[in-house]
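Participant: Handing you this structure, nothing more for now.
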Amino acid sequence: MDNTQSPQVDERIRYVADAVKSRFNIYEAFAEPNLLRFYFLESENPDFGKAFESLRLELIPEGYVPFIEKGAENFIGVTFAQKKKYAPVYVNIIMLVLTIISTVYAGYLYSQNYVIAGPDIVGRTLAFSLIFFSLPLLTILGIHELGHFVVAKKLKVKASLPFFIPFIPIGASIGTFGAFISLRDPIPNKRAMTEIGAAGPIAGFLAAIPLMFIANHLQEVFIPVKHIIPFYLNFPFIYNIFSISVPASQHHVLFPMVISVWVGIFATAINLMPVGQLDGGHVIRGLLGSKARYASYFFFLVMIFLGLYFNYLGWLLLAMLIIFLGITHPPALDDYSKLSRKDIVIGVAAIAMFILCFTANPFIYP
C-alpha cells in the first residue's frame, strides 16, 4: 500500500487496514484519494458476510464507510465519510404539531357533515376532526415510520425519529404529505434493505386493519346531518377480503375516519411500489439485487400509464418525484450476502400487501 500521505492520513489508513486485515485474508491493497481497496479471494473468505458486518460496526461510527465490490476481482472498498449535522429532535416535534393542525383543518371540512349546528359549532367540529380524522391518519403514518425506526435500530443502522410533513389544505385535502425517517447510516446488506423497507408498511398495515373495522362501524352509527363535502373513493381489495362495504351513505358522504383510514391504506400501497427509494424499492432490491432495476423501470412506466389513462395527476407527480430521487435503488454496502428464508417471506408478504392495498384509480368522479 502506498503510504505517501500526511502523518494524520497515514494513521487513518493504518487503522482501516488493520481493521480489514483482522477479518479478511487480503492479497493486495491500494490507497487512492478518499478510497482504500483491499482485494480478496472469496474462496479464502468463506464467511465474508459476517466478517463484513463486524467490520461495518467498527468503521461506521469512526467515520469510515466500507463496501464490497465483486467482479473480475473482488475488493473491500473503504471511503472516508464527511461529518453531517442532523436536525435536532425539536424539529420533529414542531413538524408533528404543525401536521396535527393541518390535518385537523383538513378533516374539519369532512366533519361538518356530522356535527349538529349549535353553540360552539367550530370548536366541536375541530374536536370531531381531531378524534375521527387526524388521530387515525397520523396513527397509521406514525406506526408505519416507527416500524422502520425500530427495525433499523435492531439492525444497528442509525435512523432519525419520524418527520411528519404538514400541508396547508386547499379544497378537499388530507392536510399532510405523509411522514418519513432519515437513515443516517448506509444500508449494510440485503437483509437490512428488505427488513427495514418492509417493516414500515407491515406495521402501518397492521395498525390500519382494526381502524378499518372501527371506521366502517362508525359510518353506520353516525348519520350525516349535512351533505357539504361528498367524497368518491375506490376502495382496495383488502376491503373485499374482510367483507367491508363502504360507503353506507347513498350520498357518498363518508365518515371522516373512513377517509383517513383509506388514506393510510392507500399510502401503504404507494410506499410499496417497487421503485427507487420507496419502501417497495428497498424490498425489491433486497430480494432481486441488481435485477430489481427491471421491476423499477416497469412500475415507473405503470405510473405514467395510470396517470394518463385515469387522468389522475397524482401518479404523474409521483413519477416526477421518482425521477428526481432516482428510478433505480442503489446497492447495499454488502449487496452479495444471501437472504434467509425469513427475509424472503417478509419480502413476499410486502408484495402481497401491495396487491391488497393498491388502487389504480383512487377517486371516482360522478
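Letters A, B, ... go to the chains of the C-alpha cells in the order shown; residues in each chain start at 1; ligands are counted from 1 in the same order.
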With a distance cut-off of 6 Å and only C-alpha atoms, select the neighbouring residues of stretch 265-279 of chain A, excluding the residue or stretch itself and same-chain residues fewer than 2 positions from it, and output the selection as a PyMOL selection string.
Facilitator: chain A and resi 197+201+262-263+281-282+284+296+326-329+354+357-358
Participant: Considering only C-alpha atoms, give me a table of residues in stretch 34-146 of chain A that are at most 12 Å from stretch 154-165 of chain A, with the closest atom pair and distance in Å for each, as JSON lines.
Facilitator:
{"residue": "A:Glu53", "atom": "CA", "partner": "A:Lys156", "partner_atom": "CA", "distance": 10.1}
{"residue": "A:Ser54", "atom": "CA", "partner": "A:Lys156", "partner_atom": "CA", "distance": 11.1}
{"residue": "A:Arg56", "atom": "CA", "partner": "A:Lys156", "partner_atom": "CA", "distance": 10.0}
{"residue": "A:Leu57", "atom": "CA", "partner": "A:Lys156", "partner_atom": "CA", "distance": 7.9}
{"residue": "A:Glu58", "atom": "CA", "partner": "A:Lys156", "partner_atom": "CA", "distance": 11.3}
{"residue": "A:Ile60", "atom": "CA", "partner": "A:Val157", "partner_atom": "CA", "distance": 9.7}
{"residue": "A:Pro61", "atom": "CA", "partner": "A:Lys158", "partner_atom": "CA", "distance": 9.9}
{"residue": "A:Tyr86", "atom": "CA", "partner": "A:Ser160", "partner_atom": "CA", "distance": 8.7}
{"residue": "A:Ala87", "atom": "CA", "partner": "A:Ser160", "partner_atom": "CA", "distance": 8.9}
{"residue": "A:Pro88", "atom": "CA", "partner": "A:Ser160", "partner_atom": "CA", "distance": 9.5}
{"residue": "A:Val89", "atom": "CA", "partner": "A:Leu161", "partner_atom": "CA", "distance": 7.7}
{"residue": "A:Tyr90", "atom": "CA", "partner": "A:Phe163", "partner_atom": "CA", "distance": 10.5}
{"residue": "A:Val91", "atom": "CA", "partner": "A:Phe163", "partner_atom": "CA", "distance": 8.1}
{"residue": "A:Asn92", "atom": "CA", "partner": "A:Phe163", "partner_atom": "CA", "distance": 5.3}
{"residue": "A:Ile93", "atom": "CA", "partner": "A:Phe163", "partner_atom": "CA", "distance": 8.3}
{"residue": "A:Ile94", "atom": "CA", "partner": "A:Phe164", "partner_atom": "CA", "distance": 9.1}
{"residue": "A:Met95", "atom": "CA", "partner": "A:Phe164", "partner_atom": "CA", "distance": 5.6}
{"residue": "A:Leu96", "atom": "CA", "partner": "A:Phe164", "partner_atom": "CA", "distance": 5.4}
{"residue": "A:Val97", "atom": "CA", "partner": "A:Phe164", "partner_atom": "CA", "distance": 8.8}
{"residue": "A:Leu98", "atom": "CA", "partner": "A:Ile165", "partner_atom": "CA", "distance": 8.2}
{"residue": "A:Thr99", "atom": "CA", "partner": "A:Ile165", "partner_atom": "CA", "distance": 6.2}
{"residue": "A:Ile100", "atom": "CA", "partner": "A:Phe164", "partner_atom": "CA", "distance": 9.1}
{"residue": "A:Ile101", "atom": "CA", "partner": "A:Ile165", "partner_atom": "CA", "distance": 11.3}
{"residue": "A:Ser102", "atom": "CA", "partner": "A:Ile165", "partner_atom": "CA", "distance": 9.5}
{"residue": "A:Thr103", "atom": "CA", "partner": "A:Ile165", "partner_atom": "CA", "distance": 10.3}
{"residue": "A:Leu137", "atom": "CA", "partner": "A:Phe164", "partner_atom": "CA", "distance": 11.5}
{"residue": "A:Leu138", "atom": "CA", "partner": "A:Phe164", "partner_atom": "CA", "distance": 8.6}
{"residue": "A:Thr139", "atom": "CA", "partner": "A:Phe164", "partner_atom": "CA", "distance": 11.3}
{"residue": "A:Ile140", "atom": "CA", "partner": "A:Phe164", "partner_atom": "CA", "distance": 11.9}
{"residue": "A:Leu141", "atom": "CA", "partner": "A:Phe164", "partner_atom": "CA", "distance": 8.5}
{"residue": "A:Gly142", "atom": "CA", "partner": "A:Pro162", "partner_atom": "CA", "distance": 7.1}
{"residue": "A:Ile143", "atom": "CA", "partner": "A:Pro162", "partner_atom": "CA", "distance": 9.5}
{"residue": "A:His144", "atom": "CA", "partner": "A:Pro162", "partner_atom": "CA", "distance": 9.4}
{"residue": "A:Glu145", "atom": "CA", "partner": "A:Pro162", "partner_atom": "CA", "distance": 5.9}
{"residue": "A:Leu146", "atom": "CA", "partner": "A:Pro162", "partner_atom": "CA", "distance": 7.0}
Participant: Those same residues - C-alpha atoms - I'd like them written as a PDB file, in the first residue's frame.
Facilitator:
ATOM      1  CA  GLU A  53     -20.897  -6.835   9.217  1.00  0.00           C
ATOM      2  CA  SER A  54     -18.361  -6.865  12.039  1.00  0.00           C
ATOM      3  CA  ARG A  56     -19.082  -2.161   9.351  1.00  0.00           C
ATOM      4  CA  LEU A  57     -19.992  -1.953  13.027  1.00  0.00           C
ATOM      5  CA  GLU A  58     -16.439  -0.910  13.848  1.00  0.00           C
ATOM      6  CA  ILE A  60     -19.057   3.371  10.528  1.00  0.00           C
ATOM      7  CA  PRO A  61     -19.006   5.040  13.982  1.00  0.00           C
ATOM      8  CA  TYR A  86     -28.719  16.475  11.692  1.00  0.00           C
ATOM      9  CA  ALA A  87     -31.874  18.268  12.701  1.00  0.00           C
ATOM     10  CA  PRO A  88     -32.448  18.332  16.482  1.00  0.00           C
ATOM     11  CA  VAL A  89     -35.435  16.480  17.945  1.00  0.00           C
ATOM     12  CA  TYR A  90     -37.433  19.669  18.462  1.00  0.00           C
ATOM     13  CA  VAL A  91     -37.761  19.908  14.661  1.00  0.00           C
ATOM     14  CA  ASN A  92     -39.600  16.544  14.688  1.00  0.00           C
ATOM     15  CA  ILE A  93     -41.891  17.853  17.425  1.00  0.00           C
ATOM     16  CA  ILE A  94     -42.637  21.126  15.612  1.00  0.00           C
ATOM     17  CA  MET A  95     -43.417  19.304  12.354  1.00  0.00           C
ATOM     18  CA  LEU A  96     -45.700  16.876  14.219  1.00  0.00           C
ATOM     19  CA  VAL A  97     -47.622  19.754  15.848  1.00  0.00           C
ATOM     20  CA  LEU A  98     -47.961  21.547  12.505  1.00  0.00           C
ATOM     21  CA  THR A  99     -49.181  18.331  10.870  1.00  0.00           C
ATOM     22  CA  ILE A 100     -51.780  17.810  13.590  1.00  0.00           C
ATOM     23  CA  ILE A 101     -53.023  21.349  12.947  1.00  0.00           C
ATOM     24  CA  SER A 102     -53.092  20.926   9.153  1.00  0.00           C
ATOM     25  CA  THR A 103     -54.841  17.538   9.293  1.00  0.00           C
ATOM     26  CA  LEU A 137     -54.449   9.071   9.997  1.00  0.00           C
ATOM     27  CA  LEU A 138     -51.388  10.123  11.987  1.00  0.00           C
ATOM     28  CA  THR A 139     -51.540   6.882  13.985  1.00  0.00           C
ATOM     29  CA  ILE A 140     -51.210   4.816  10.805  1.00  0.00           C
ATOM     30  CA  LEU A 141     -48.474   7.060   9.384  1.00  0.00           C
ATOM     31  CA  GLY A 142     -46.635   7.251  12.711  1.00  0.00           C
ATOM     32  CA  ILE A 143     -46.703   3.492  13.356  1.00  0.00           C
ATOM     33  CA  HIS A 144     -45.518   2.965   9.778  1.00  0.00           C
ATOM     34  CA  GLU A 145     -42.453   5.138  10.365  1.00  0.00           C
ATOM     35  CA  LEU A 146     -41.817   3.709  13.824  1.00  0.00           C
TER      36      LEU A 146
END
Participant: Find the residue from A:Leu135, A:Leu318, A:Ala192, A:Ala51 that sits nearest to A:Phe177; use only C-alpha atoms when measuring.
Facilitator: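 Smallest separation from A:Phe177 among the options: A:Leu318.
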Participant: Based on DSSP run over this structure's backbone, return all residues of stretch 26-262 of chain A in alpha helix (DSSP H), as JSON, numbers by chain.
Facilitator: {"A": [48, 49, 50, 51, 52, 53, 54, 55, 56, 57, 58, 59, 89, 90, 91, 92, 93, 94, 95, 96, 97, 98, 99, 100, 101, 102, 103, 104, 105, 106, 107, 108, 109, 110, 111, 121, 122, 123, 124, 125, 126, 127, 128, 129, 135, 136, 137, 138, 139, 140, 141, 142, 143, 144, 145, 146, 147, 148, 149, 150, 151, 152, 153, 154, 190, 191, 192, 193, 194, 195, 196, 197, 198, 199, 200, 201, 202, 203, 204, 205, 206, 207, 208, 209, 210, 211, 212, 213, 214, 215, 216, 217, 218, 219, 220, 221, 237, 238, 239, 240, 241, 256, 257, 258, 259, 260, 261, 262]}
Participant: Closest to A:Ile346 among A:Ile121, A:Asn189, A:Leu287, A:Phe167, using only C-alpha atoms?
Facilitator: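 Under the stated criterion, the closest residue is A:Leu287.
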Participant: So that I can see what lies close to A:Ser243, please list as a VMD selection string the residues with an atom at most 12 Å from it, counting only C-alpha atoms and leaving out residues fewer than 4 positions away in the same chain.
Facilitator: chain A and resid 212 to 213 216 235 to 239
Participant: Could you check the closest approach to A:Lys83 for each of A:Arg184, A:Asp10, A:Asn34, A:Lys70 and tell me which residue wins, using only C-alpha atoms?
Facilitator: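 Ranking A:Arg184, A:Asp10, A:Asn34, A:Lys70 by distance to A:Lys83, first place goes to A:Arg184.
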Participant: Could you work out how far atom CA of A:Phe298 lies from atom CA of A:Asp334, giving the answer in Å with one decimal?
Facilitator: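 According to the coordinates, atom CA of A:Asp334 and atom CA of A:Phe298 are separated by 25.4 Å.
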Participant: Calculate how many Å separate atom CA of A:Ser173 from atom CA of A:Ala106, rounding to one decimal.
Facilitator: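 Atom-to-atom, atom CA of A:Ser173 to atom CA of A:Ala106, that is 5.8 Å.
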